[in-house]
Amino acid sequence: MLTFDEPIAMWTRTILLVRGHSKLRFWVGLVLAVSAVVFGVVGACVWEEDLTTDQRVYQLSTQLMCPVCDGQTLDQSQAQLSLDMQEVIRRKVEDGESNAEIREYFVDRYGEVVLASPNAGGFNLVVWVMPLVIFVGGALLVGNAFLNMRRQRRAGSESSVKGEAVDDVEATVDVDDSLGEYLERADREMTVAIGRREMTKGEDKG
Amino acid sequence: MDQIGTTAIWLGVAVSAYAVVASLVGARAGVGELVVSGRRAVYMALLVAFVGSAALIVAFLTNDFSIEYVANNSNIVMGRGYTLVAFYAANEGSLLYITLALALMASISVRLAPHRFSAAMPYTVAILAVVLAFLFGTMATLANPFETLSVVPPDGRGINPLLLHPGMYSHPPLIMSGLVGITIPFAFASGALISGEYGDDWVDIARIFAIVMWGILGIGMLLGAWWAYTILGWGGYWSWDPIENVAMMPWLVLTAFIHSIMVQRRRGMFRMWNIVLIGIAFVLAQLGMSINRGGSVVSVHSFAESSLGLLFLSFMVLSLVFAFGLFVWRYPRLRSERAIESFMSREASFLVNNFLLLVVTAITLWGVVYPLVSGLARDVDVSVSAPYFHRVNGPVLLLIVIVMGIGPLLPWRRTSTRSLKRWLMAPLGAAALTVIGLVAFGIWEFWAVLGFAAVVFALVAVLEEWWMGARARIVNMGEMPWVAWWRLINGNRPRHGGYIVHVAVLSVAIGVIGTQFFDQRYDAAIGLGESLVLDDYRIEYVDKRIDDRPDRLAQWARIDVYEIDPSDYAVEQAAADAIGKAGFTVVTEERPGDRLVGELDPSHEFFRNFNQVSVRSGIKTSPVEDLYVIPRDFLEDERVSLAVSINPLAMWLWIAGPIFLVGTVVALWPHPALERVARRRRSGERVATGEPAVALES
Ligand code: HEM
Ligand code: HEM
């Protein structure tokens, strides 16, 4: 089965080596780790076994296309051929054949086009790997854009007064902030303010 | 009629071509009158599109079978209600409909465009008119709906039987309008870019039209899914068919767009990116029209098949080149003023949102084109269908739900880890409880549990926002909870409208998880007086009704649904289990535990002209699960072959519709004060703030 976590780990390490920023490193690492696990599990996941005959017939019928209907799987199609194919599947399941064997049987008869999703092997590996490439490539692009912006800003803020003290310190509204941004946060601030008032009230009483 | 129609189409070509030329020349040469007349030409295009459509509808209503298109899509016995809408049932007429829709929306948008946008308008009008000219031109030369027949047939062929459904009145018009309507935000963005004068102002207008089109497309897809659910007869609603994918892709990109323009509106960032996004959405919309019209990929429901696919594809490539060229040309003016300050800010969450939405789009696009790739690369046909998309898109969609929960908790610019942690407590706690609860109930499916937890997480995050905001009002101003919530929403409609839409997305997610992971299915043939038992339902075949008409043979199965006490059927169940059956058949006899809960009337119709079967499922729905019955066939020996499935939580897919609509309308409801502030802030003008130096997020 495919394991996807290798390239991700490599890429993660590369990014983390190239740029050092602890908090960001944590987040990027976390996101990539989560996606590695997610994809790893998905890649390795095989749905089968301990299902009843009916469930397996149904499962297989969602994985095979009806050869005479445009773009419908067997379970969706009302065509006679598709009903017949489901009977064949049932017999084979009862004969103890595995899902892979049954799929292979239909591929031999109708060609690869009968599979609702290509097998992950040979040239068709491309179709499975590409999503991962898209995901990781995109993540790298976004991470990079973000880091660039941040670097720019750091470089800029050294000369300006108002951009300082960004990190974990509690954020405050810059004096510079305009009404819009103020209003926009109003809901939440009010809550906080009230919370505080309630607290002080409590203290007064106590 | 055909002469009126054909004339209208040629006039349409002329006025839209004139609109292009007049606008461009007028703008370049600085002739105001020309610009104005170019704009009016768009209204003229609307007029002729209207006349053309009216002519076609009249031809349908009067059974004018001398027109080929009418003869192919209508007949005498057809219900009059359907003749009214049959004009967009196939390729030529749907082109006319699209043209009408675009002309209408273009006219409205041109009319409503604010005065301060006037320098960019000629270019916007020109772009709109180019697309109109393309559509009119295609009809005039290659796909004239008014083509006449030399021999007039006595009766027409009739409409495609699948289309005889109330969905015909809503899904096609909405989805076609939504797709073609993406031209409008694109035209405004490009117009601004070409004129070069409107740093950030175009986003206000583009936002409105983008959300309108996005809303129309979203509702259109949902209606299509519901249509598929009720008639295609497979109990499914979304099969990752190419036609479905090409509607979803531009919609996803628009979703990304309406988030990322918020950043430009508020903070002047992401300028390049927004242009890129609307360009991609536009190009993908054209891909959709191209695939719907032709040939290159197989689809269950493309009703406009024709040879126009390639033409639309070429137009798409042209648009791509145009959008890209424009971008490169204006690149220097698109730099952001500010940079992202913190990874934990709303800006950054939008970046992640955009990333995820585009990843789903790109993966989906890849899945759609891969059969072509495989065909070209090694001459082997392959199919890429639902199982593929479930695996590759599923995890990313899950991530989207999670991020959708976190994003709204982050304020603009930056936040402290501490306050984020505090805000995350309730959602995380609720998600953890969900996992525990599900596992306690014996639900172990990893992805489903994770999915439900993610949904609860995001839902509680939104509720927390609303609760905290409303509580502030309740405590402070002594308002009633409902009033407080309503005022809270009213205080910032774009935001809270968005949150309502998020809730709608969660509702869809619930339906998807329920139906994908927990559906049960059992097929069997039963005779009159027999019942089929699945889970805790007994489905009794009580009666059969036949209607033999000239155009079709329609048969109904009257079915009574009983809720049963499974222990009454323990013996049969054990026997079924032993041979691996999901359900079993019994001869009907009343058992005390059985309770009649519904009557269904599913039908199976065979259309002779089309040699095609159309089934209408019987659905007993509830918020917990749908019992879904399809008569697959009525057999010679008086038995009926039924496919029965239980689709848990399916109703939540449709509940999402009204929520989505409400949220979209709330977000769109004009909010002049907020908009003024946003504009002023962008133009650098300082707004007197009083003293906003309140400590935040302590
Ligand atoms: C998941 C469900 C569906 C999606 C996402 C979907 C999507 C689409 C798209 C993208 C178009 C083309 C719009 C254009 O060319 O501008 C379209 C058109 C249409 N759809 Fe659907 N569709 C769905 C289900 C259905 C079903 C079940 C039916 C009917 C049985 C149906 C009937 C039509 C019709 C009649 C048109 C207009 C055809 C034309 O262009 O002439 N759709 N839909
Ligand atoms: C991927 C994760 C997502 C995140 C982080 C996110 C975040 C947000 C936030 C924070 C807002 C409110 C902005 C404000 O303060 O006004 C918002 C608005 C909105 N969201 Fe989302 N969202 C996500 C996904 C989605 C999805 C999947 C949809 C719809 C299908 C959606 C539809 C909307 C809409 C319509 C608005 C209102 C836009 C406006 O009024 O201009 N969002 N989103």
# chains A, B, ... in the order shown; residues from 1 in each chain; ligands from 1
>>> residues_around(residues="Ile4 of chain B", least_positions_apart="5", cutoff="8 Å", atoms="only C-alpha atoms", output="PyMOL selection string")
chain B and resi 51-52+55
>>> write_last_selection(atoms="all heavy atoms", output="mmCIF file, in the first residue's frame")
data_model
loop_
_atom_site.group_PDB
_atom_site.id
_atom_site.type_symbol
_atom_site.label_atom_id
_atom_site.label_comp_id
_atom_site.auth_asym_id
_atom_site.auth_seq_id
_atom_site.Cartn_x
_atom_site.Cartn_y
_atom_site.Cartn_z
ATOM 1 N N VAL B 51 -37.411 39.000 -26.394
ATOM 2 C CA VAL B 51 -38.304 38.733 -27.525
ATOM 3 C C VAL B 51 -38.045 37.337 -28.086
ATOM 4 O O VAL B 51 -38.975 36.564 -28.342
ATOM 5 C CB VAL B 51 -38.113 39.803 -28.629
ATOM 6 C CG1 VAL B 51 -38.846 39.396 -29.895
ATOM 7 C CG2 VAL B 51 -38.596 41.154 -28.137
ATOM 8 N N GLY B 52 -36.763 36.989 -28.240
ATOM 9 C CA GLY B 52 -36.424 35.660 -28.748
ATOM 10 C C GLY B 52 -37.001 34.560 -27.862
ATOM 11 O O GLY B 52 -37.638 33.618 -28.344
ATOM 12 N N ALA B 55 -40.690 34.324 -28.159
ATOM 13 C CA ALA B 55 -41.083 33.682 -29.412
ATOM 14 C C ALA B 55 -40.984 32.168 -29.285
ATOM 15 O O ALA B 55 -41.868 31.425 -29.725
ATOM 16 C CB ALA B 55 -40.190 34.175 -30.547
#
>>> select_by_dssp(residues="segment 396-640 of chain B", states="alpha helix (DSSP H)", output="ChimeraX atom specification")
/B:396-406,417-440,446-477,481-491,493-518,570-578
>>> select_by_dssp(residues="segment 595-689 of chain B", states="strand (DSSP E)", output="PyMOL selection string")
chain B and resi 595-600+603-607+612-616+618-620+625-634+640-648
>>> residues_near_ligand(ligand="ligand 1", cutoff="8 Å", atoms="only C-alpha atoms and all ligand atoms", output="number ranges by chain")
B: 88-95, 98, 162-163, 165, 167-168, 171-173, 175-180, 220-229, 231-232, 237-240, 243-248, 285, 288-293, 301-305
>>> closest_residue(among="B:Ile9, B:Ala187, B:Val373, B:Ala113", to="chain A", atoms="only C-alpha atoms")
B:Val373
>>> closest_residue(among="A:Glu94, A:Glu87, A:Glu101, A:Glu112", to="chain B", atoms="only C-alpha atoms")
A:Glu112
>>> residues_near_ligand(ligand="ligand 2", cutoff="7 Å", atoms="only C-alpha atoms and all ligand atoms", output="number ranges by chain")
B: 207, 211, 255, 258-259, 262, 346, 349-350, 352-353, 356-357, 400-401, 403-408, 494-499, 501-502, 505, 664, 667-668
>>> atom_distance(atom1="atom CA of Val483 of chain B", atom2="atom CA of Ile510 of chain B")
28.7 Å
>>> atom_distance(atom1="atom CA of Val624 of chain B", atom2="atom CA of Ala386 of chain B")
24.5 Å
>>> closest_residue(among="B:Leu528, B:Ala470, B:Val212, B:Val460", to="chain A", atoms="only C-alpha atoms")
B:Ala470
>>> closest_residue(among="A:Ile134, A:Leu115, A:Met65, A:Ala145", to="Leu81 of chain A", atoms="only C-alpha atoms")
A:Met65
>>> residues_around(residues="Gln78 of chain A", least_positions_apart="3", cutoff="9 Å", atoms="only C-alpha atoms", output="VMD selection string")
(chain A and resid 74 to 75 81 to 83) or (chain B and resid 233 to 234 613 632 to 633)
>>> write_last_selection(atoms="all heavy atoms", output="PDB file, in the first residue's frame")
ATOM      1  N   LEU A  74     -23.023   0.416 -10.699  1.00  0.00           N
ATOM      2  CA  LEU A  74     -24.040  -0.641 -10.762  1.00  0.00           C
ATOM      3  C   LEU A  74     -25.210  -0.360  -9.828  1.00  0.00           C
ATOM      4  O   LEU A  74     -26.364  -0.578 -10.176  1.00  0.00           O
ATOM      5  CB  LEU A  74     -23.425  -1.991 -10.383  1.00  0.00           C
ATOM      6  CG  LEU A  74     -22.385  -2.569 -11.333  1.00  0.00           C
ATOM      7  CD1 LEU A  74     -21.930  -3.930 -10.836  1.00  0.00           C
ATOM      8  CD2 LEU A  74     -22.970  -2.688 -12.731  1.00  0.00           C
ATOM      9  N   ASP A  75     -24.920   0.115  -8.629  1.00  0.00           N
ATOM     10  CA  ASP A  75     -26.014   0.295  -7.675  1.00  0.00           C
ATOM     11  C   ASP A  75     -26.946   1.417  -8.108  1.00  0.00           C
ATOM     12  O   ASP A  75     -28.091   1.464  -7.690  1.00  0.00           O
ATOM     13  CB  ASP A  75     -25.470   0.575  -6.273  1.00  0.00           C
ATOM     14  CG  ASP A  75     -24.799   1.917  -6.189  1.00  0.00           C
ATOM     15  OD1 ASP A  75     -23.909   2.183  -7.014  1.00  0.00           O
ATOM     16  OD2 ASP A  75     -25.176   2.711  -5.303  1.00  0.00           O
ATOM     17  N   LEU A  81     -28.391  -5.228 -17.589  1.00  0.00           N
ATOM     18  CA  LEU A  81     -27.014  -5.705 -17.483  1.00  0.00           C
ATOM     19  C   LEU A  81     -26.479  -5.486 -16.071  1.00  0.00           C
ATOM     20  O   LEU A  81     -25.803  -6.339 -15.504  1.00  0.00           O
ATOM     21  CB  LEU A  81     -26.124  -4.982 -18.506  1.00  0.00           C
ATOM     22  CG  LEU A  81     -24.646  -5.329 -18.404  1.00  0.00           C
ATOM     23  CD1 LEU A  81     -24.414  -6.816 -18.600  1.00  0.00           C
ATOM     24  CD2 LEU A  81     -23.836  -4.527 -19.415  1.00  0.00           C
ATOM     25  N   SER A  82     -26.841  -4.332 -15.508  1.00  0.00           N
ATOM     26  CA  SER A  82     -26.300  -4.044 -14.197  1.00  0.00           C
ATOM     27  C   SER A  82     -26.907  -4.982 -13.142  1.00  0.00           C
ATOM     28  O   SER A  82     -26.214  -5.440 -12.229  1.00  0.00           O
ATOM     29  CB  SER A  82     -26.533  -2.574 -13.869  1.00  0.00           C
ATOM     30  OG  SER A  82     -27.270  -2.416 -12.711  1.00  0.00           O
ATOM     31  N   LEU A  83     -28.180  -5.302 -13.305  1.00  0.00           N
ATOM     32  CA  LEU A  83     -28.789  -6.278 -12.388  1.00  0.00           C
ATOM     33  C   LEU A  83     -28.112  -7.643 -12.525  1.00  0.00           C
ATOM     34  O   LEU A  83     -27.802  -8.307 -11.544  1.00  0.00           O
ATOM     35  CB  LEU A  83     -30.292  -6.405 -12.664  1.00  0.00           C
ATOM     36  CG  LEU A  83     -31.108  -5.123 -12.478  1.00  0.00           C
ATOM     37  CD1 LEU A  83     -32.591  -5.395 -12.726  1.00  0.00           C
ATOM     38  CD2 LEU A  83     -30.903  -4.544 -11.100  1.00  0.00           C
TER      39      LEU A  83
ATOM     40  N   GLY B 233     -33.407   7.500  -8.912  1.00  0.00           N
ATOM     41  CA  GLY B 233     -33.733   6.153  -8.482  1.00  0.00           C
ATOM     42  C   GLY B 233     -32.554   5.362  -7.968  1.00  0.00           C
ATOM     43  O   GLY B 233     -32.584   4.148  -7.962  1.00  0.00           O
ATOM     44  N   TRP B 234     -31.531   6.014  -7.493  1.00  0.00           N
ATOM     45  CA  TRP B 234     -30.466   5.227  -6.891  1.00  0.00           C
ATOM     46  C   TRP B 234     -30.246   5.630  -5.444  1.00  0.00           C
ATOM     47  O   TRP B 234     -29.273   5.230  -4.821  1.00  0.00           O
ATOM     48  CB  TRP B 234     -29.175   5.313  -7.675  1.00  0.00           C
ATOM     49  CG  TRP B 234     -28.886   6.615  -8.351  1.00  0.00           C
ATOM     50  CD1 TRP B 234     -29.312   6.990  -9.579  1.00  0.00           C
ATOM     51  CD2 TRP B 234     -28.115   7.708  -7.847  1.00  0.00           C
ATOM     52  NE1 TRP B 234     -28.852   8.249  -9.881  1.00  0.00           N
ATOM     53  CE2 TRP B 234     -28.110   8.703  -8.837  1.00  0.00           C
ATOM     54  CE3 TRP B 234     -27.419   7.928  -6.669  1.00  0.00           C
ATOM     55  CZ2 TRP B 234     -27.454   9.929  -8.680  1.00  0.00           C
ATOM     56  CZ3 TRP B 234     -26.762   9.138  -6.514  1.00  0.00           C
ATOM     57  CH2 TRP B 234     -26.791  10.113  -7.512  1.00  0.00           C
ATOM     58  N   VAL B 613     -36.732   4.439 -19.035  1.00  0.00           N
ATOM     59  CA  VAL B 613     -37.484   4.257 -17.802  1.00  0.00           C
ATOM     60  C   VAL B 613     -37.218   5.427 -16.870  1.00  0.00           C
ATOM     61  O   VAL B 613     -36.110   5.918 -16.777  1.00  0.00           O
ATOM     62  CB  VAL B 613     -37.039   2.947 -17.105  1.00  0.00           C
ATOM     63  CG1 VAL B 613     -37.574   2.894 -15.688  1.00  0.00           C
ATOM     64  CG2 VAL B 613     -37.509   1.754 -17.902  1.00  0.00           C
ATOM     65  N   ARG B 632     -37.916  -1.184  -8.966  1.00  0.00           N
ATOM     66  CA  ARG B 632     -36.962  -1.313 -10.072  1.00  0.00           C
ATOM     67  C   ARG B 632     -37.643  -1.869 -11.304  1.00  0.00           C
ATOM     68  O   ARG B 632     -37.288  -1.568 -12.412  1.00  0.00           O
ATOM     69  CB  ARG B 632     -35.803  -2.232  -9.683  1.00  0.00           C
ATOM     70  CG  ARG B 632     -34.903  -1.648  -8.635  1.00  0.00           C
ATOM     71  CD  ARG B 632     -33.694  -2.511  -8.479  1.00  0.00           C
ATOM     72  NE  ARG B 632     -32.527  -1.815  -8.977  1.00  0.00           N
ATOM     73  CZ  ARG B 632     -31.287  -2.275  -8.824  1.00  0.00           C
ATOM     74  NH1 ARG B 632     -31.071  -3.409  -8.222  1.00  0.00           N
ATOM     75  NH2 ARG B 632     -30.278  -1.589  -9.299  1.00  0.00           N
ATOM     76  N   ASP B 633     -38.604  -2.748 -11.052  1.00  0.00           N
ATOM     77  CA  ASP B 633     -39.273  -3.361 -12.194  1.00  0.00           C
ATOM     78  C   ASP B 633     -40.544  -4.054 -11.721  1.00  0.00           C
ATOM     79  O   ASP B 633     -40.601  -4.536 -10.597  1.00  0.00           O
ATOM     80  CB  ASP B 633     -38.337  -4.400 -12.826  1.00  0.00           C
ATOM     81  CG  ASP B 633     -38.671  -4.569 -14.299  1.00  0.00           C
ATOM     82  OD1 ASP B 633     -39.639  -3.922 -14.754  1.00  0.00           O
ATOM     83  OD2 ASP B 633     -37.984  -5.349 -14.965  1.00  0.00           O
TER      84      ASP B 633
END
>>> closest_residue(among="A:Leu30, A:Val88, A:Ala116, A:Ala79", to="chain B", atoms="only C-alpha atoms")
A:Ala116
